[in-house]
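Colleague: Dropping the structure in here first, questions after.
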Amino acid sequence: MAPELLIRARRAIVDGREVAASVRVRDGVIIAVEEFGADAAGAEAVELADDEVLLPGLVDTHVHVNEPGRTEWEGFASATRAAAAGGVTTIVDMPLNSIPPTTTVAGLEVKRATAWTQAYVDVGFWGGAIPDNLADLEPLHAAGVFGFKCFLLPSGVDEFPELSAVGLADALEETGRLGALLIAHAEDAKEVTDVSGRAYAGFVASRPPSAERTAIERLIATATLTGARAHVVHLSAAAALPAIRTARSAGVPLTVETCPHYLTLTAEEVPDGHTEFKCCPPIRDAANRDLLWEALADGTIDAVVSDHSPCVPELKRFDTGDFGEAWGGISSLQLGLPAVWTEARGRGHDLVDVVRWMASGPAGLVGLDRKGRIDAGADADLCAFAPEESFVVDPDRLWHKNPVSAYAGRTLSGTVRRTWLRGAPVDPTGPPRGRLLKRGQG
Ligand SMILES: [Zn+2]
């Protein structure tokens with residue numbers, strides 16, 4: 001049996017507070033959180049540097065790995081190495097952009113078979129709810145997916161069509177019966193217009209806040225009727241917040257996430273033709289960003305997750321800079337923590353807040369009781385974070401498969417010095433040790 005491990009940290013985020021602590025680990029599990037000077041006899045002791053803070057490994061429930069089928073966009077090995085380098089020790093993979101999509105048990109099995117030899121961090125899977133797969137939801141749920149993603153307007157890939165209003169009601173009826181979570185890309189097709197050209201303002205105008213608000217109101221209304229749990233992915237438009245607040249205070253089982261790019265970037269600073277900033281819904285103006293931060297602070301937004309959605313550089317159409325032609329998606333799996341921390345600290349937030357938004361919040365969303373917290377009984381998934389150390393983002397030095405980043409050239413605060421998965425440091429050049437997670441088992 002391996003010896004106990006004792007990780008000493010002058011600063012650690014434990015149970016919603018920053019404390020000095022020693023974390024005792026046996027067989028990959030935290031068995032106790034003790035005082036900083038706890039007895040290390042018989043244990044392998046590791047002490048964090050004075051400028052490091054011990055965080056629980058982050059949980060990113062919104063990652064598009066794209067393998068198999070579009071592996072040149074991203075794959076399990078590259079995505080999970082990037083995750084570990086960014087302090088993320090658990091990802092939950094989205095059901096689309098891979099081929100096959102995760103809309104049947106057979107599709108899930110293909111993904112699991114592809115992932116299990118390549119995962120440097122733990123990996124779970126979302127299922128997909130599309131037209132004509134209602135009968136697949138129950139077997140997918142039984143097979144361990146963490147819930148079901150749907151689109152309320154075309155997704156961008158043919159193999160993952162959107163749900164109609166009736167399809168959404170049917171899906172929520174079924175997920176409610178199963179006790180499963182339905183997560184929705186909420187933009188309304190009727191309020192989104194076609195766009196072309198290099199102007200970022202034109203692109204933003206083509207996907208107005210009202211498109212999100214209308215779709216979210218439809219989601220809320222349907223969730224209210226069915227009583228089923230619903231979750232809004234990648235909220236961008238602050239204009240939807242009043243409806244969300246009203247629904248939540250009325251007891252509708254609704255949760256919400258947003259993403260690092262909506263919290264840290266603004267439309268004002270996106271240069272025309274720079275399609276590395278294209279994502280859907282779009283990055284909006286600075287006033288909108290302030291309102292998203294208010295909603296994070298008051299708990300209206302439950303989680304901050306990456307929506308890591310890469311593609312090959314050619315599909316970003318840097319040759320034309322046309323926002324209509326370019327693939328929408330921002331890669332930030334490795335950068336989410338420093339990006340959010342950089343902005344959060346400037347707004348008076350501390351690492352306790354960041355851990356709530358990026359670790360315990362998303363873990364709670366998908367019921368991963370052993371993840372996202374430093375506590376006895378949790379997996380020893382940890383991250384040594386140096387919050388005062390800054391760096392300039394160089395896309396060529398990220399583990400993401402394709403060197404395209406909306407953060408290129410930016411100076412961010414906070415570096416991830418080391419990441420532990422079940423008590424052992426993740427070595428991106430060694431063999432992968434990640435496990436595949438199933439709902440209710442992690
Ligand atoms: Zn996404």
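Ordering of the structure tokens sets the chain letters (A, B, ...), residue numbers begin anew at 1 in every chain, and ligands are numbered from 1 in the order given.
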Residues contacting ligand 1 - anything with an atom at most 12 Å away, using only C-alpha atoms and all ligand atoms - can you give me those as a PDB file with N, CA, C and O atoms, in the first residue's frame?

Modeller:
```pdb
ATOM      1  N   ASP A  60     -15.076  21.222 -14.749  1.00  0.00           N
ATOM      2  CA  ASP A  60     -15.563  21.946 -15.935  1.00  0.00           C
ATOM      3  C   ASP A  60     -16.592  21.074 -16.642  1.00  0.00           C
ATOM      4  O   ASP A  60     -16.251  20.099 -17.310  1.00  0.00           O
ATOM      5  N   THR A  61     -17.852  21.457 -16.470  1.00  0.00           N
ATOM      6  CA  THR A  61     -18.952  20.640 -16.991  1.00  0.00           C
ATOM      7  C   THR A  61     -19.352  21.024 -18.413  1.00  0.00           C
ATOM      8  O   THR A  61     -20.377  20.553 -18.896  1.00  0.00           O
ATOM      9  N   HIS A  62     -18.543  21.846 -19.072  1.00  0.00           N
ATOM     10  CA  HIS A  62     -18.906  22.249 -20.436  1.00  0.00           C
ATOM     11  C   HIS A  62     -17.671  22.244 -21.330  1.00  0.00           C
ATOM     12  O   HIS A  62     -17.036  23.281 -21.565  1.00  0.00           O
ATOM     13  N   VAL A  63     -17.334  21.065 -21.831  1.00  0.00           N
ATOM     14  CA  VAL A  63     -16.159  20.896 -22.683  1.00  0.00           C
ATOM     15  C   VAL A  63     -16.560  20.115 -23.932  1.00  0.00           C
ATOM     16  O   VAL A  63     -17.188  19.062 -23.834  1.00  0.00           O
ATOM     17  N   HIS A  64     -16.201  20.642 -25.095  1.00  0.00           N
ATOM     18  CA  HIS A  64     -16.408  19.917 -26.352  1.00  0.00           C
ATOM     19  C   HIS A  64     -15.079  19.261 -26.734  1.00  0.00           C
ATOM     20  O   HIS A  64     -14.159  19.949 -27.190  1.00  0.00           O
ATOM     21  N   VAL A  65     -14.989  17.955 -26.533  1.00  0.00           N
ATOM     22  CA  VAL A  65     -13.732  17.270 -26.856  1.00  0.00           C
ATOM     23  C   VAL A  65     -13.657  16.946 -28.349  1.00  0.00           C
ATOM     24  O   VAL A  65     -12.580  16.965 -28.942  1.00  0.00           O
ATOM     25  N   ASN A  66     -14.775  16.606 -28.958  1.00  0.00           N
ATOM     26  CA  ASN A  66     -14.878  16.432 -30.428  1.00  0.00           C
ATOM     27  C   ASN A  66     -14.314  15.122 -30.979  1.00  0.00           C
ATOM     28  O   ASN A  66     -14.285  14.935 -32.198  1.00  0.00           O
ATOM     29  N   VAL A  92     -16.706  17.308 -18.032  1.00  0.00           N
ATOM     30  CA  VAL A  92     -17.866  16.584 -18.555  1.00  0.00           C
ATOM     31  C   VAL A  92     -18.012  17.004 -20.018  1.00  0.00           C
ATOM     32  O   VAL A  92     -18.148  18.187 -20.334  1.00  0.00           O
ATOM     33  N   ASP A  93     -17.942  15.999 -20.878  1.00  0.00           N
ATOM     34  CA  ASP A  93     -17.865  16.219 -22.328  1.00  0.00           C
ATOM     35  C   ASP A  93     -19.250  16.427 -22.924  1.00  0.00           C
ATOM     36  O   ASP A  93     -20.193  15.697 -22.632  1.00  0.00           O
ATOM     37  N   MET A  94     -19.335  17.407 -23.799  1.00  0.00           N
ATOM     38  CA  MET A  94     -20.601  17.715 -24.474  1.00  0.00           C
ATOM     39  C   MET A  94     -20.925  16.652 -25.533  1.00  0.00           C
ATOM     40  O   MET A  94     -20.025  16.061 -26.120  1.00  0.00           O
ATOM     41  N   PRO A  95     -22.225  16.460 -25.798  1.00  0.00           N
ATOM     42  CA  PRO A  95     -22.612  15.352 -26.676  1.00  0.00           C
ATOM     43  C   PRO A  95     -22.462  15.651 -28.158  1.00  0.00           C
ATOM     44  O   PRO A  95     -22.711  14.766 -28.975  1.00  0.00           O
ATOM     45  N   LEU A  96     -22.069  16.865 -28.501  1.00  0.00           N
ATOM     46  CA  LEU A  96     -22.005  17.174 -29.929  1.00  0.00           C
ATOM     47  C   LEU A  96     -20.657  17.735 -30.330  1.00  0.00           C
ATOM     48  O   LEU A  96     -19.892  18.199 -29.487  1.00  0.00           O
ATOM     49  N   ASN A  97     -20.480  17.648 -31.631  1.00  0.00           N
ATOM     50  CA  ASN A  97     -19.290  17.986 -32.418  1.00  0.00           C
ATOM     51  C   ASN A  97     -18.392  16.770 -32.597  1.00  0.00           C
ATOM     52  O   ASN A  97     -17.560  16.765 -33.487  1.00  0.00           O
ATOM     53  N   TRP A 126     -22.115  14.104 -21.030  1.00  0.00           N
ATOM     54  CA  TRP A 126     -23.505  14.489 -21.215  1.00  0.00           C
ATOM     55  C   TRP A 126     -24.096  13.638 -22.335  1.00  0.00           C
ATOM     56  O   TRP A 126     -23.396  13.309 -23.301  1.00  0.00           O
ATOM     57  N   LYS A 149     -28.154  17.464 -23.043  1.00  0.00           N
ATOM     58  CA  LYS A 149     -28.032  18.773 -23.678  1.00  0.00           C
ATOM     59  C   LYS A 149     -28.992  18.852 -24.854  1.00  0.00           C
ATOM     60  O   LYS A 149     -29.127  17.897 -25.628  1.00  0.00           O
ATOM     61  N   CYS A 150     -29.641  20.000 -24.996  1.00  0.00           N
ATOM     62  CA  CYS A 150     -30.429  20.230 -26.197  1.00  0.00           C
ATOM     63  C   CYS A 150     -30.167  21.634 -26.716  1.00  0.00           C
ATOM     64  O   CYS A 150     -29.627  22.489 -26.010  1.00  0.00           O
ATOM     65  N   PHE A 151     -30.555  21.860 -27.952  1.00  0.00           N
ATOM     66  CA  PHE A 151     -30.471  23.171 -28.589  1.00  0.00           C
ATOM     67  C   PHE A 151     -31.882  23.661 -28.872  1.00  0.00           C
ATOM     68  O   PHE A 151     -32.757  22.876 -29.225  1.00  0.00           O
ATOM     69  N   SER A 155     -27.768  23.873 -34.173  1.00  0.00           N
ATOM     70  CA  SER A 155     -26.539  23.770 -33.382  1.00  0.00           C
ATOM     71  C   SER A 155     -25.293  24.114 -34.183  1.00  0.00           C
ATOM     72  O   SER A 155     -24.244  24.381 -33.603  1.00  0.00           O
ATOM     73  N   GLY A 156     -25.397  24.041 -35.506  1.00  0.00           N
ATOM     74  CA  GLY A 156     -24.203  24.244 -36.328  1.00  0.00           C
ATOM     75  C   GLY A 156     -23.676  22.956 -36.920  1.00  0.00           C
ATOM     76  O   GLY A 156     -22.862  22.984 -37.839  1.00  0.00           O
ATOM     77  N   ILE A 183     -30.124  20.414 -20.024  1.00  0.00           N
ATOM     78  CA  ILE A 183     -29.378  21.664 -20.182  1.00  0.00           C
ATOM     79  C   ILE A 183     -29.589  22.165 -21.608  1.00  0.00           C
ATOM     80  O   ILE A 183     -29.638  21.387 -22.548  1.00  0.00           O
ATOM     81  N   ALA A 184     -29.742  23.475 -21.737  1.00  0.00           N
ATOM     82  CA  ALA A 184     -30.183  23.998 -23.031  1.00  0.00           C
ATOM     83  C   ALA A 184     -29.317  25.154 -23.510  1.00  0.00           C
ATOM     84  O   ALA A 184     -29.001  26.083 -22.761  1.00  0.00           O
ATOM     85  N   HIS A 185     -28.963  25.078 -24.785  1.00  0.00           N
ATOM     86  CA  HIS A 185     -28.431  26.245 -25.495  1.00  0.00           C
ATOM     87  C   HIS A 185     -29.643  27.100 -25.860  1.00  0.00           C
ATOM     88  O   HIS A 185     -30.439  26.716 -26.711  1.00  0.00           O
ATOM     89  N   ALA A 186     -29.770  28.227 -25.189  1.00  0.00           N
ATOM     90  CA  ALA A 186     -30.994  29.006 -25.273  1.00  0.00           C
ATOM     91  C   ALA A 186     -30.791  30.292 -26.081  1.00  0.00           C
ATOM     92  O   ALA A 186     -30.414  31.337 -25.553  1.00  0.00           O
ATOM     93  N   VAL A 232     -29.500  26.535 -17.882  1.00  0.00           N
ATOM     94  CA  VAL A 232     -29.117  27.388 -19.012  1.00  0.00           C
ATOM     95  C   VAL A 232     -27.601  27.338 -19.164  1.00  0.00           C
ATOM     96  O   VAL A 232     -26.874  27.717 -18.239  1.00  0.00           O
ATOM     97  N   VAL A 233     -27.126  26.862 -20.314  1.00  0.00           N
ATOM     98  CA  VAL A 233     -25.678  26.875 -20.538  1.00  0.00           C
ATOM     99  C   VAL A 233     -25.254  28.238 -21.082  1.00  0.00           C
ATOM    100  O   VAL A 233     -26.046  28.994 -21.641  1.00  0.00           O
ATOM    101  N   HIS A 234     -24.029  28.558 -20.865  1.00  0.00           N
ATOM    102  CA  HIS A 234     -23.346  29.757 -21.385  1.00  0.00           C
ATOM    103  C   HIS A 234     -24.242  30.999 -21.520  1.00  0.00           C
ATOM    104  O   HIS A 234     -24.383  31.564 -22.603  1.00  0.00           O
ATOM    105  N   LEU A 235     -24.781  31.437 -20.391  1.00  0.00           N
ATOM    106  CA  LEU A 235     -25.556  32.684 -20.419  1.00  0.00           C
ATOM    107  C   LEU A 235     -24.640  33.850 -20.787  1.00  0.00           C
ATOM    108  O   LEU A 235     -23.615  34.071 -20.161  1.00  0.00           O
ATOM    109  N   GLU A 257     -25.308  28.785 -15.905  1.00  0.00           N
ATOM    110  CA  GLU A 257     -23.847  28.934 -15.956  1.00  0.00           C
ATOM    111  C   GLU A 257     -23.492  30.074 -16.909  1.00  0.00           C
ATOM    112  O   GLU A 257     -24.260  30.425 -17.806  1.00  0.00           O
ATOM    113  N   THR A 258     -22.314  30.642 -16.688  1.00  0.00           N
ATOM    114  CA  THR A 258     -21.730  31.512 -17.692  1.00  0.00           C
ATOM    115  C   THR A 258     -20.283  31.078 -17.896  1.00  0.00           C
ATOM    116  O   THR A 258     -19.845  30.078 -17.333  1.00  0.00           O
ATOM    117  N   CYS A 259     -19.546  31.813 -18.731  1.00  0.00           N
ATOM    118  CA  CYS A 259     -18.231  31.344 -19.166  1.00  0.00           C
ATOM    119  C   CYS A 259     -17.187  32.436 -18.963  1.00  0.00           C
ATOM    120  O   CYS A 259     -17.515  33.627 -18.961  1.00  0.00           O
ATOM    121  N   CYS A 279     -18.167  33.456 -30.767  1.00  0.00           N
ATOM    122  CA  CYS A 279     -18.829  32.353 -30.089  1.00  0.00           C
ATOM    123  C   CYS A 279     -20.309  32.712 -30.042  1.00  0.00           C
ATOM    124  O   CYS A 279     -20.686  33.856 -30.270  1.00  0.00           O
ATOM    125  N   CYS A 280     -21.140  31.679 -29.777  1.00  0.00           N
ATOM    126  CA  CYS A 280     -22.584  31.897 -29.756  1.00  0.00           C
ATOM    127  C   CYS A 280     -23.173  31.377 -28.459  1.00  0.00           C
ATOM    128  O   CYS A 280     -22.970  30.207 -28.160  1.00  0.00           O
ATOM    129  N   PRO A 281     -23.904  32.219 -27.736  1.00  0.00           N
ATOM    130  CA  PRO A 281     -24.148  33.639 -27.974  1.00  0.00           C
ATOM    131  C   PRO A 281     -22.855  34.457 -27.886  1.00  0.00           C
ATOM    132  O   PRO A 281     -21.866  33.964 -27.371  1.00  0.00           O
ATOM    133  N   VAL A 305     -18.049  27.853 -16.274  1.00  0.00           N
ATOM    134  CA  VAL A 305     -17.427  26.717 -16.973  1.00  0.00           C
ATOM    135  C   VAL A 305     -16.991  27.187 -18.352  1.00  0.00           C
ATOM    136  O   VAL A 305     -17.455  28.217 -18.847  1.00  0.00           O
ATOM    137  N   SER A 306     -16.093  26.427 -18.990  1.00  0.00           N
ATOM    138  CA  SER A 306     -15.374  27.028 -20.120  1.00  0.00           C
ATOM    139  C   SER A 306     -16.184  27.155 -21.405  1.00  0.00           C
ATOM    140  O   SER A 306     -15.989  28.084 -22.165  1.00  0.00           O
ATOM    141  N   ASP A 307     -17.087  26.192 -21.695  1.00  0.00           N
ATOM    142  CA  ASP A 307     -17.576  26.036 -23.074  1.00  0.00           C
ATOM    143  C   ASP A 307     -16.396  25.995 -24.038  1.00  0.00           C
ATOM    144  O   ASP A 307     -16.406  26.629 -25.099  1.00  0.00           O
ATOM    145  N   HIS A 308     -15.391  25.230 -23.658  1.00  0.00           N
ATOM    146  CA  HIS A 308     -14.226  25.017 -24.533  1.00  0.00           C
ATOM    147  C   HIS A 308     -14.715  24.387 -25.833  1.00  0.00           C
ATOM    148  O   HIS A 308     -15.198  23.277 -25.850  1.00  0.00           O
ATOM    149  N   SER A 309     -14.638  25.155 -26.912  1.00  0.00           N
ATOM    150  CA  SER A 309     -15.200  24.683 -28.178  1.00  0.00           C
ATOM    151  C   SER A 309     -14.278  25.051 -29.331  1.00  0.00           C
ATOM    152  O   SER A 309     -14.495  26.027 -30.047  1.00  0.00           O
ATOM    153  N   PRO A 310     -13.210  24.278 -29.493  1.00  0.00           N
ATOM    154  CA  PRO A 310     -12.207  24.597 -30.503  1.00  0.00           C
ATOM    155  C   PRO A 310     -12.570  24.084 -31.885  1.00  0.00           C
ATOM    156  O   PRO A 310     -13.540  23.342 -32.063  1.00  0.00           O
ATOM    157  N   GLY A 328     -18.060  29.192 -34.737  1.00  0.00           N
ATOM    158  CA  GLY A 328     -18.190  29.853 -33.439  1.00  0.00           C
ATOM    159  C   GLY A 328     -17.698  28.957 -32.317  1.00  0.00           C
ATOM    160  O   GLY A 328     -18.114  27.802 -32.228  1.00  0.00           O
ATOM    161  N   GLY A 329     -16.839  29.477 -31.484  1.00  0.00           N
ATOM    162  CA  GLY A 329     -16.366  28.690 -30.343  1.00  0.00           C
ATOM    163  C   GLY A 329     -15.064  29.256 -29.842  1.00  0.00           C
ATOM    164  O   GLY A 329     -14.240  29.720 -30.627  1.00  0.00           O
ATOM    165  N   ILE A 330     -14.900  29.261 -28.528  1.00  0.00           N
ATOM    166  CA  ILE A 330     -13.693  29.801 -27.895  1.00  0.00           C
ATOM    167  C   ILE A 330     -13.046  28.695 -27.077  1.00  0.00           C
ATOM    168  O   ILE A 330     -13.722  27.970 -26.353  1.00  0.00           O
ATOM    169  N   SER A 331     -11.735  28.566 -27.236  1.00  0.00           N
ATOM    170  CA  SER A 331     -10.978  27.559 -26.488  1.00  0.00           C
ATOM    171  C   SER A 331     -10.447  28.194 -25.214  1.00  0.00           C
ATOM    172  O   SER A 331      -9.713  29.171 -25.291  1.00  0.00           O
ATOM    173  N   SER A 332     -10.793  27.630 -24.073  1.00  0.00           N
ATOM    174  CA  SER A 332     -10.254  28.228 -22.845  1.00  0.00           C
ATOM    175  C   SER A 332     -10.108  27.244 -21.707  1.00  0.00           C
ATOM    176  O   SER A 332      -9.969  27.649 -20.563  1.00  0.00           O
ATOM    177  N   LEU A 333     -10.104  25.964 -22.028  1.00  0.00           N
ATOM    178  CA  LEU A 333     -10.030  24.971 -20.952  1.00  0.00           C
ATOM    179  C   LEU A 333      -8.831  25.212 -20.043  1.00  0.00           C
ATOM    180  O   LEU A 333      -8.939  25.137 -18.828  1.00  0.00           O
TER     181      LEU A 333
END
```

Colleague: Give me every alpha helix (DSSP H) residue in stretch 50-242 of chain A, going by DSSP on the backbone, as a count of residues only.

Modeller: 71

Colleague: Give me, as a Markdown table, each residue of stretch 29-97 of chain A that comes within 6 Å of stretch 378-400 of chain A, together with its shortest interatomic pair and the distance in Å at one decimal, counting only C-alpha atoms, with rows ordered by chain and rising residue number.

Modeller:
```
| residue | atom | partner | partner_atom | distance |
| --- | --- | --- | --- | --- |
| A:Val29 | CA | A:Asp379 | CA | 4.5 |
| A:Ile30 | CA | A:Ala380 | CA | 5.2 |
| A:Asp51 | CA | A:Ala386 | CA | 5.7 |
| A:Glu52 | CA | A:Ala386 | CA | 4.4 |
| A:Val53 | CA | A:Phe385 | CA | 5.2 |
| A:Leu54 | CA | A:Ala384 | CA | 4.9 |
| A:Leu55 | CA | A:Cys383 | CA | 5.1 |
| A:Pro56 | CA | A:Leu382 | CA | 4.5 |
| A:Gly57 | CA | A:Leu382 | CA | 4.3 |
| A:Ser78 | CA | A:His400 | CA | 5.7 |
| A:Ala82 | CA | A:Trp399 | CA | 4.6 |
| A:Gly87 | CA | A:Cys383 | CA | 5.5 |
```

Colleague: Check the DSSP output for the backbone and give back, as number ranges by chain, the residues of stretch 181-352 of chain A in strand (DSSP E or B).

Modeller: A: 182-185, 230-232, 254-258, 303-304, 308, 330

Colleague: Given only C-alpha atoms as the basis, pick out the residue of A:Gly409, A:Pro260, A:Pro362, A:Gly86 nearest to A:Ala344.

Modeller: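 Comparing A:Gly409, A:Pro260, A:Pro362, A:Gly86 against A:Ala344, the winner is A:Pro260.
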
Colleague: List as a Markdown table every residue of stretch 281-345 of chain A that is in contact with stretch 245-255 of chain A, defined as an atom at most 12 Å from one of its atoms (using only C-alpha atoms), together with the nearest atom pair and the distance in Å rounded to one decimal, sorted by chain and then rising number.

Modeller:
```
| residue | atom | partner | partner_atom | distance |
| --- | --- | --- | --- | --- |
| A:Ala295 | CA | A:Arg245 | CA | 9.2 |
| A:Leu296 | CA | A:Thr255 | CA | 12.0 |
| A:Asp298 | CA | A:Arg245 | CA | 10.3 |
| A:Gly299 | CA | A:Arg245 | CA | 9.8 |
| A:Thr300 | CA | A:Arg245 | CA | 6.6 |
| A:Ile301 | CA | A:Thr255 | CA | 7.1 |
| A:Asp302 | CA | A:Thr255 | CA | 6.4 |
| A:Ala303 | CA | A:Thr255 | CA | 8.6 |
| A:Val304 | CA | A:Thr255 | CA | 11.7 |
```

Colleague: Check the smallest atom-to-atom distance from each of A:Phe148, A:Tyr200, A:Phe323, A:Phe76 to A:Pro271 using only C-alpha atoms, then report the winner.

Modeller: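 Among A:Phe148, A:Tyr200, A:Phe323, A:Phe76, it is A:Tyr200 that comes nearest to A:Pro271.
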